[in-house]
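Text of the file my_file-v1.tsv, holding TSV, C-alpha atoms and all ligand atoms:
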chain	number	residue	atom	x	y	z
A	1	MET	CA	-94.88	66.65	121.96
A	2	ASN	CA	-93.40	68.44	119.00
A	3	THR	CA	-90.44	70.41	120.36
A	4	ALA	CA	-89.07	71.45	116.98
A	5	SER	CA	-89.71	75.13	116.37
A	6	PRO	CA	-91.35	75.51	112.99
A	7	ASN	CA	-89.12	78.52	112.35
A	8	THR	CA	-85.83	76.75	112.83
A	9	SER	CA	-86.44	73.42	111.11
A	10	ALA	CA	-84.70	73.01	107.78
A	11	PRO	CA	-86.75	74.03	104.74
A	12	LEU	CA	-87.84	71.38	102.26
A	13	TYR	CA	-86.68	73.76	99.58
A	14	GLU	CA	-84.90	77.08	99.60
A	15	GLY	CA	-85.23	79.16	96.45
A	16	LYS	CA	-83.89	82.58	95.65
A	17	ALA	CA	-86.83	84.47	97.14
A	18	LYS	CA	-88.64	82.03	99.44
A	19	LYS	CA	-88.24	79.03	101.69
A	20	VAL	CA	-90.79	76.21	101.67
A	21	PHE	CA	-91.31	74.26	104.92
A	22	ALA	CA	-93.19	71.04	105.55
A	23	THR	CA	-95.93	71.19	108.20
A	24	ALA	CA	-97.59	68.60	110.44
A	25	ASN	CA	-100.15	68.22	107.66
A	26	PRO	CA	-98.55	66.64	104.56
A	27	ALA	CA	-101.09	68.42	102.36
A	28	GLU	CA	-99.87	71.86	103.44
A	29	TYR	CA	-96.65	73.86	103.32
A	30	ARG	CA	-95.52	77.03	105.04
A	31	VAL	CA	-93.85	79.51	102.69
A	32	GLN	CA	-91.48	82.12	104.08
A	33	TYR	CA	-90.72	85.14	101.88
A	34	LYS	CA	-87.12	86.38	102.08
A	35	ASP	CA	-85.69	89.86	101.54
A	36	ASP	CA	-83.22	88.51	98.97
A	37	ALA	CA	-83.45	89.52	95.32
A	38	THR	CA	-81.74	87.98	92.32
A	39	ALA	CA	-81.81	88.82	88.63
A	40	PHE	CA	-80.38	87.50	85.38
A	41	ASN	CA	-80.54	83.90	86.57
A	42	ALA	CA	-78.95	84.78	89.95
A	43	GLN	CA	-75.88	86.47	88.44
A	44	LYS	CA	-76.97	89.67	90.20
A	45	ARG	CA	-77.81	89.45	93.91
A	46	GLY	CA	-79.15	91.93	96.43
A	47	SER	CA	-81.47	92.30	99.38
A	48	TRP	CA	-83.54	95.00	101.06
A	49	ALA	CA	-85.59	95.15	104.24
A	50	GLY	CA	-89.31	94.75	103.70
A	51	LYS	CA	-89.17	93.02	100.33
A	52	GLY	CA	-90.36	89.66	101.66
A	53	ALA	CA	-93.17	91.32	103.60
A	54	VAL	CA	-94.43	93.21	100.52
A	55	ASN	CA	-94.41	90.09	98.33
A	56	ASN	CA	-96.12	88.02	101.03
A	57	ALA	CA	-98.79	90.66	101.65
A	58	MET	CA	-99.45	91.33	97.97
A	59	THR	CA	-99.82	87.61	97.20
A	60	ALA	CA	-102.03	87.12	100.27
A	61	HIS	CA	-104.24	90.01	99.11
A	62	LEU	CA	-104.53	89.00	95.44
A	63	PHE	CA	-104.89	85.20	95.60
A	64	PRO	CA	-108.26	85.24	97.43
A	65	LEU	CA	-109.54	87.82	94.92
A	66	LEU	CA	-108.42	85.55	92.08
A	67	GLU	CA	-110.20	82.61	93.75
A	68	GLN	CA	-113.39	84.69	93.73
A	69	ALA	CA	-112.76	85.41	90.04
A	70	GLY	CA	-112.69	81.66	89.31
A	71	VAL	CA	-108.96	80.88	89.55
A	72	PRO	CA	-108.22	78.07	92.04
A	73	THR	CA	-105.00	78.78	93.97
A	74	HIS	CA	-102.70	77.15	96.53
A	75	PHE	CA	-103.23	79.96	99.05
A	76	ILE	CA	-104.80	79.14	102.43
A	77	GLU	CA	-103.95	82.00	104.80
A	78	GLN	CA	-101.36	84.58	105.75
A	79	LEU	CA	-99.54	83.56	108.95
A	80	SER	CA	-97.27	86.54	109.61
A	81	ASP	CA	-95.55	89.46	107.87
A	82	THR	CA	-93.42	87.09	105.85
A	83	GLU	CA	-95.20	83.72	105.99
A	84	GLN	CA	-98.24	82.07	104.49
A	85	ARG	CA	-99.89	78.67	104.55
A	86	VAL	CA	-100.41	77.04	101.18
A	87	LYS	CA	-101.58	73.74	99.75
A	88	ALA	CA	-98.66	71.47	98.86
A	89	VAL	CA	-98.60	70.98	95.11
A	90	THR	CA	-96.37	69.38	92.51
A	91	ILE	CA	-95.14	72.38	90.57
A	92	VAL	CA	-95.53	72.06	86.80
A	93	PRO	CA	-91.99	72.85	85.56
A	94	VAL	CA	-93.28	75.37	83.03
A	95	GLU	CA	-93.23	79.08	83.84
A	96	VAL	CA	-96.07	80.96	82.19
A	97	ILE	CA	-95.53	84.55	81.07
A	98	VAL	CA	-98.50	86.72	80.09
A	99	ARG	CA	-97.78	89.94	78.22
A	100	ASN	CA	-100.01	92.96	77.62
A	101	VAL	CA	-97.25	95.30	76.48
A	102	ALA	CA	-93.84	94.53	74.93
A	103	ALA	CA	-91.01	94.68	77.49
A	104	GLY	CA	-87.93	92.85	78.73
A	105	SER	CA	-86.81	89.66	76.98
A	106	PHE	CA	-89.70	89.88	74.46
A	107	CYS	CA	-88.24	93.15	73.12
A	108	LYS	CA	-84.68	91.82	73.09
A	109	ARG	CA	-85.71	88.70	71.22
A	110	LEU	CA	-87.87	90.47	68.65
A	111	GLY	CA	-86.12	93.83	68.31
A	112	LEU	CA	-89.05	95.83	69.70
A	113	GLU	CA	-89.22	99.09	71.62
A	114	GLU	CA	-90.33	98.64	75.26
A	115	GLY	CA	-93.85	99.95	75.89
A	116	GLU	CA	-95.40	98.94	72.56
A	117	PRO	CA	-98.93	97.69	73.38
A	118	LEU	CA	-99.71	94.24	71.96
A	119	ALA	CA	-102.85	93.79	69.82
A	120	ARG	CA	-103.80	90.83	72.03
A	121	PRO	CA	-102.37	89.21	75.14
A	122	VAL	CA	-99.44	86.88	74.51
A	123	VAL	CA	-98.88	83.74	76.60
A	124	GLU	CA	-95.34	82.36	76.58
A	125	TYR	CA	-93.88	79.28	78.26
A	126	CYS	CA	-90.41	78.67	79.69
A	127	TYR	CA	-88.88	75.50	81.06
A	128	LYS	CA	-88.36	76.04	84.80
A	129	SER	CA	-84.64	75.25	84.99
A	130	ASP	CA	-82.12	77.50	86.71
A	131	ALA	CA	-79.29	75.47	85.16
A	132	LEU	CA	-80.54	76.32	81.65
A	133	GLY	CA	-81.71	79.86	82.45
A	134	ASP	CA	-85.44	79.13	82.03
A	135	PRO	CA	-85.39	78.72	78.21
A	136	LEU	CA	-88.40	79.63	76.07
A	137	ILE	CA	-90.35	76.54	74.93
A	138	ASN	CA	-93.69	75.82	73.33
A	139	THR	CA	-96.45	73.55	74.58
A	140	ASP	CA	-95.46	70.70	72.19
A	141	THR	CA	-92.08	70.60	73.94
A	142	ALA	CA	-93.71	70.44	77.37
A	143	VAL	CA	-95.93	67.52	76.28
A	144	ALA	CA	-93.16	65.69	74.40
A	145	LEU	CA	-90.84	65.84	77.41
A	146	GLY	CA	-93.57	64.82	79.86
A	147	TRP	CA	-93.70	68.06	81.88
A	148	ALA	CA	-97.47	68.48	81.45
A	149	SER	CA	-100.33	66.96	79.49
A	150	GLU	CA	-102.14	68.68	76.64
A	151	GLU	CA	-105.19	69.01	78.93
A	152	ASP	CA	-103.15	70.51	81.78
A	153	LEU	CA	-101.59	73.05	79.42
A	154	ALA	CA	-104.97	74.04	78.02
A	155	ARG	CA	-106.24	74.60	81.58
A	156	ILE	CA	-103.07	76.52	82.50
A	157	ARG	CA	-103.51	78.83	79.52
A	158	GLU	CA	-107.19	79.37	80.35
A	159	LEU	CA	-106.35	80.21	83.98
A	160	ALA	CA	-103.40	82.45	83.02
A	161	LEU	CA	-105.70	84.52	80.79
A	162	LYS	CA	-108.31	84.64	83.56
A	163	VAL	CA	-105.63	86.01	85.89
A	164	ARG	CA	-104.78	88.61	83.24
A	165	ASP	CA	-108.42	89.58	82.72
A	166	PHE	CA	-108.83	90.12	86.46
A	167	LEU	CA	-105.53	91.83	87.22
A	168	THR	CA	-105.28	94.22	84.25
A	169	PRO	CA	-108.31	96.37	85.19
A	170	TYR	CA	-107.57	95.87	88.92
A	171	PHE	CA	-104.21	97.59	88.49
A	172	GLU	CA	-105.53	100.15	86.00
A	173	GLN	CA	-107.99	101.35	88.65
A	174	ARG	CA	-104.98	101.89	90.91
A	175	GLY	CA	-102.96	103.93	88.43
A	176	VAL	CA	-100.73	101.07	87.32
A	177	ARG	CA	-100.17	99.56	83.86
A	178	LEU	CA	-99.75	95.80	84.15
A	179	ILE	CA	-97.15	95.24	81.44
A	180	ASP	CA	-96.47	91.51	81.92
A	181	PHE	CA	-96.22	88.84	84.63
A	182	LYS	CA	-94.96	85.32	85.32
A	183	LEU	CA	-97.08	82.59	86.89
A	184	GLU	CA	-96.39	79.11	88.21
A	185	PHE	CA	-99.03	76.40	88.41
A	186	GLY	CA	-99.13	73.25	90.48
A	187	LYS	CA	-101.10	70.01	90.64
A	188	LEU	CA	-103.03	68.87	93.69
A	189	PRO	CA	-103.15	65.12	94.46
A	190	SER	CA	-106.66	65.18	92.93
A	191	GLY	CA	-105.13	66.25	89.61
A	192	GLU	CA	-106.60	69.74	89.82
A	193	ILE	CA	-104.39	72.53	88.42
A	194	VAL	CA	-104.07	75.51	90.78
A	195	LEU	CA	-102.20	78.81	90.64
A	196	ALA	CA	-99.15	78.55	92.95
A	197	ASP	CA	-96.09	80.58	93.88
A	198	GLU	CA	-96.59	84.37	94.10
A	199	ILE	CA	-97.81	87.53	92.39
A	200	SER	CA	-95.59	90.43	93.41
A	201	PRO	CA	-93.29	93.16	92.07
A	202	ASP	CA	-90.73	90.35	91.66
A	203	THR	CA	-92.95	88.55	89.14
A	204	CYS	CA	-94.80	91.39	87.40
A	205	ARG	CA	-93.88	94.54	85.50
A	206	PHE	CA	-95.80	97.49	86.93
A	207	TRP	CA	-95.50	100.94	85.31
A	208	ASP	CA	-97.07	104.03	86.84
A	209	ALA	CA	-99.92	104.98	84.48
A	210	GLN	CA	-99.10	108.72	84.63
A	211	THR	CA	-95.31	108.84	84.68
A	212	GLY	CA	-94.26	105.44	83.31
A	213	GLU	CA	-92.08	105.00	86.40
A	214	ARG	CA	-91.07	101.38	87.01
A	215	LEU	CA	-92.60	100.06	90.25
A	216	ASP	CA	-91.19	96.51	90.14
A	217	LYS	CA	-88.04	94.40	90.10
A	218	ASP	CA	-86.70	96.26	87.04
A	219	ARG	CA	-85.60	98.95	89.56
A	220	PHE	CA	-83.18	96.34	90.95
A	221	ARG	CA	-82.36	94.66	87.61
A	222	ARG	CA	-81.49	97.98	85.95
A	223	ASP	CA	-79.87	99.70	88.97
A	224	LEU	CA	-82.54	102.42	89.03
A	225	GLY	CA	-82.53	102.62	92.86
A	226	GLY	CA	-85.59	103.18	95.07
A	227	GLU	CA	-86.68	99.52	94.97
A	228	ALA	CA	-87.88	99.45	98.61
A	229	GLU	CA	-90.00	102.58	98.06
A	230	ALA	CA	-91.43	101.24	94.78
A	231	TYR	CA	-92.41	97.89	96.36
A	232	ALA	CA	-94.04	99.67	99.33
A	233	GLU	CA	-95.93	101.98	96.96
A	234	MET	CA	-97.21	99.00	94.96
A	235	LEU	CA	-98.48	97.29	98.12
A	236	ARG	CA	-100.27	100.51	99.12
A	237	ARG	CA	-101.97	100.69	95.74
A	238	VAL	CA	-102.89	97.00	95.62
A	239	THR	CA	-104.55	97.11	99.05
A	240	ALA	CA	-106.20	100.54	98.54
A	241	GLN	CA	-110.00	100.75	98.37
A	242	VAL	CA	-110.93	102.36	95.07
B	301	LIG	N1	-97.73	75.39	96.87
B	301	LIG	C1	-96.48	75.02	96.53
B	301	LIG	N2	-96.08	73.73	96.69
B	301	LIG	C2	-94.83	73.34	96.33
B	301	LIG	N3	-93.88	74.17	95.86
B	301	LIG	C3	-94.22	75.47	95.70
B	301	LIG	C4	-95.52	75.96	96.01
B	301	LIG	N4	-95.57	77.28	95.71
B	301	LIG	C5	-94.34	77.60	95.23
B	301	LIG	N5	-93.52	76.53	95.22
B	301	LIG	C6	-92.12	76.46	94.77
B	301	LIG	O1	-91.32	76.98	95.82
B	301	LIG	C7	-90.20	77.63	95.30
B	301	LIG	C8	-90.27	79.03	95.80
B	301	LIG	O2	-89.05	79.55	95.98
B	301	LIG	P1	-88.47	80.76	95.13
B	301	LIG	O3	-89.51	81.65	94.56
B	301	LIG	O4	-87.46	81.34	96.03
B	301	LIG	O5	-87.83	79.91	93.97
B	301	LIG	P2	-86.87	80.47	92.88
B	301	LIG	O6	-85.59	80.88	93.46
B	301	LIG	O7	-87.65	81.45	92.08
B	301	LIG	O8	-86.46	79.22	92.12
B	301	LIG	P3	-87.22	78.28	91.22
B	301	LIG	O9	-88.60	78.83	91.11
B	301	LIG	O10	-86.44	78.41	89.94
B	301	LIG	O11	-87.13	76.97	91.88
B	301	LIG	C9	-90.31	77.60	93.78
B	301	LIG	O12	-89.55	76.53	93.25
B	301	LIG	C10	-91.79	77.33	93.57
B	301	LIG	O13	-92.04	76.67	92.36
B	302	MG	MG	-89.46	82.33	92.47

In structure tokens, what does this structure look like?
Amino acid sequence: MNTASPNTSAPLYEGKAKKVFATANPAEYRVQYKDDATAFNAQKRGSWAGKGAVNNAMTAHLFPLLEQAGVPTHFIEQLSDTEQRVKAVTIVPVEVIVRNVAAGSFCKRLGLEEGEPLARPVVEYCYKSDALGDPLINTDTAVALGWASEEDLARIRELALKVRDFLTPYFEQRGVRLIDFKLEFGKLPSGEIVLADEISPDTCRFWDAQTGERLDKDRFRRDLGGEAEAYAEMLRRVTAQV
């Protein structure tokens, strides 16, 4: 008999926003979304009630829709307000950023005004390393240092743009400009690349289409206030029938 409560056993991994637990099935993990928020490589820390639930629910809503749109994902099912079952993957240590509109670090780096639409989507890659602050890299670097193969990176780019092509009109229909977002991909034991991690106001920039109001983690990063309300509003819009 297994007497260990799945909720009290130690996580395999605890990140800034989620805990990852092993399950009885080695091919599956349980992910628990926390209310904690960090920004600027964890130099700024905060927390608010309901954040984990919004990010869990939004990811659980969007990943099956992405599957239908031809993007394989790690998602299996939502277990509770803050937990979901996922396929265990080996995370590719390359964060993928897709940009529709100039914002954030892209503007800082290139001296651009935030909000400038880009003539075409831009895919950027960062090395997933908290110690180094997730530095910008290119795909040659990822191949040269053995983080991913050329083929894997081509598939990752194809899937990232598929995610963008699905999500951009999805949000537009809900009165939201999808400015940019960050994705993580993983590898199944079969070698298949799947979308992993989460899609939430933590990992996307969402601007209200009418007012330009920020409805994402920039409220926390920039001390704008109202982060709990903005996250709740985004979940309402994402799950609304339109
Ligand atoms: N299906 C999966 N299998 C294995 N690991 C996963 C899976 N989905 C997500 N992860 C990993 O679990 C962790 C989630 O935790 P969290 O989002 O809190 O991390 P984080 O603080 O952003 O830190 P980092 O992503 O830099 O490790 C991430 O490292 C993510 O890559
Ligand atoms: Mg994370």

### Message
Which residues are near ligand LIG 301 (chain B) in this structure, taking near to mean any atom at most 6 Å from a ligand atom and counting all atoms listed in the file? Format them as a PyMOL selection string.
### Response
chain A and resi 15-20+74+86-91+128+130+196-197

### Task
Mind checking which residues fall within 6 Å of segment 216-224 of chain A, counting all atoms listed in the file, ignoring those fewer than 4 positions away in the same chain, and posting them as a ChimeraX atom specification?
/A:39,201-202,205-206

### Summary
A straight line from atom CA of Ala103 of chain A to atom CA of Glu116 of chain A spans 7.9 Å

### Message
Would you compute the distance between atom CA of Thr168 of chain A and atom CA of Val123 of chain A? Give it in Å to one decimal.
### Response
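Interatomic distance, atom CA of Thr168 of chain A to atom CA of Val123 of chain A: 14.5 Å.
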
### Query
Leaving out Gln210 of chain A and any residue of its chain fewer than 3 positions from it, which residues lie within 10 Å of it when counting only C-alpha atoms, given as JSON, numbers by chain?
{"A": [175, 176, 177, 207, 213]}

Residues from the last selection, C-alpha atoms, saved as an mmCIF file, in the frame of the given file:
data_model
loop_
_atom_site.group_PDB
_atom_site.id
_atom_site.type_symbol
_atom_site.label_atom_id
_atom_site.label_comp_id
_atom_site.auth_asym_id
_atom_site.auth_seq_id
_atom_site.Cartn_x
_atom_site.Cartn_y
_atom_site.Cartn_z
ATOM 1 C CA GLY A 175 -102.960 103.930 88.430
ATOM 2 C CA VAL A 176 -100.730 101.070 87.320
ATOM 3 C CA ARG A 177 -100.170 99.560 83.860
ATOM 4 C CA TRP A 207 -95.500 100.940 85.310
ATOM 5 C CA GLU A 213 -92.080 105.000 86.400
#

### Message
Residues proximal to (-100.3, 81.9, 78.7) were defined as those with any atom within 7 Å of that point in the file's coordinates, counting all atoms listed in the file. Which are they, as a ChimeraX atom specification?
### Response
/A:96-98,122-125,157,160-161

#### Entry: Using only C-alpha atoms and all ligand atoms: which of A:Ser129, A:Asn25, A:Asn100, A:Thr82 has the shortest distance to ligand MG 302 (chain B)
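With only C-alpha atoms and all ligand atoms as the atom set, the closest residue is A:Ser129.
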
### Task
Would you mind reading off the distance between atom CA of Leu65 of chain A and atom CA of Asp81 of chain A, one decimal, in Å?
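Going from atom CA of Leu65 of chain A over to atom CA of Asp81 of chain A covers 19.1 Å.
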
### Message
Between A:Leu62, A:Val71, A:Leu79, A:Val92, which residue has the minimum interatomic distance to Tyr33 of chain A, considering all atoms listed in the file?
### Response
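Answer, going by the shortest atom-to-atom distance: A:Leu79.
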
### Task
Rank nothing, just name the residue among A:Ser105, A:Ser9, A:Ser200, A:Ser190 nearest to Lys51 of chain A, using all atoms listed in the file.
A:Ser200

### Query
Which one is closest to ligand MG 302 (chain B): A:Ala69, A:Ala37, A:Ala148, A:Ile76? Count all atoms listed in the file.
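The shortest atom-to-atom distance to ligand MG 302 (chain B) comes from A:Ala37.
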
#### Entry: A:Cys107, A:Val238, A:Leu188, A:Val31 ranked by distance to ligand MG 302 (chain B), top pick (using all atoms listed in the file)
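Closest residue, counting all atoms listed in the file: A:Val31.
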
### Query
Of the residues A:Ile156, A:Val94, A:Ala209, A:Met58, which is the one nearest to Glu192 of chain A, using only C-alpha atoms?
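Closest to Glu192 of chain A of all the choices is A:Ile156.
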
### Query
Contacts of Glu95 of chain A at 7 Å or less, counting all atoms listed in the file, minus same-chain residues fewer than 3 places along, as a list in words?
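The neighbour list is Tyr125, Cys126, Tyr127, Lys128, Lys182, Leu183 and Glu184 of chain A.
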
Show me, as JSON, the centre and edge lengths in Å to one decimal of the axis-aligned box that covers every listed atom of segment 57-70 of chain A with 3 Å on each side.
{"center_x": -106.1, "center_y": 86.5, "center_z": 95.5, "size_x": 20.6, "size_y": 15.7, "size_z": 18.3}
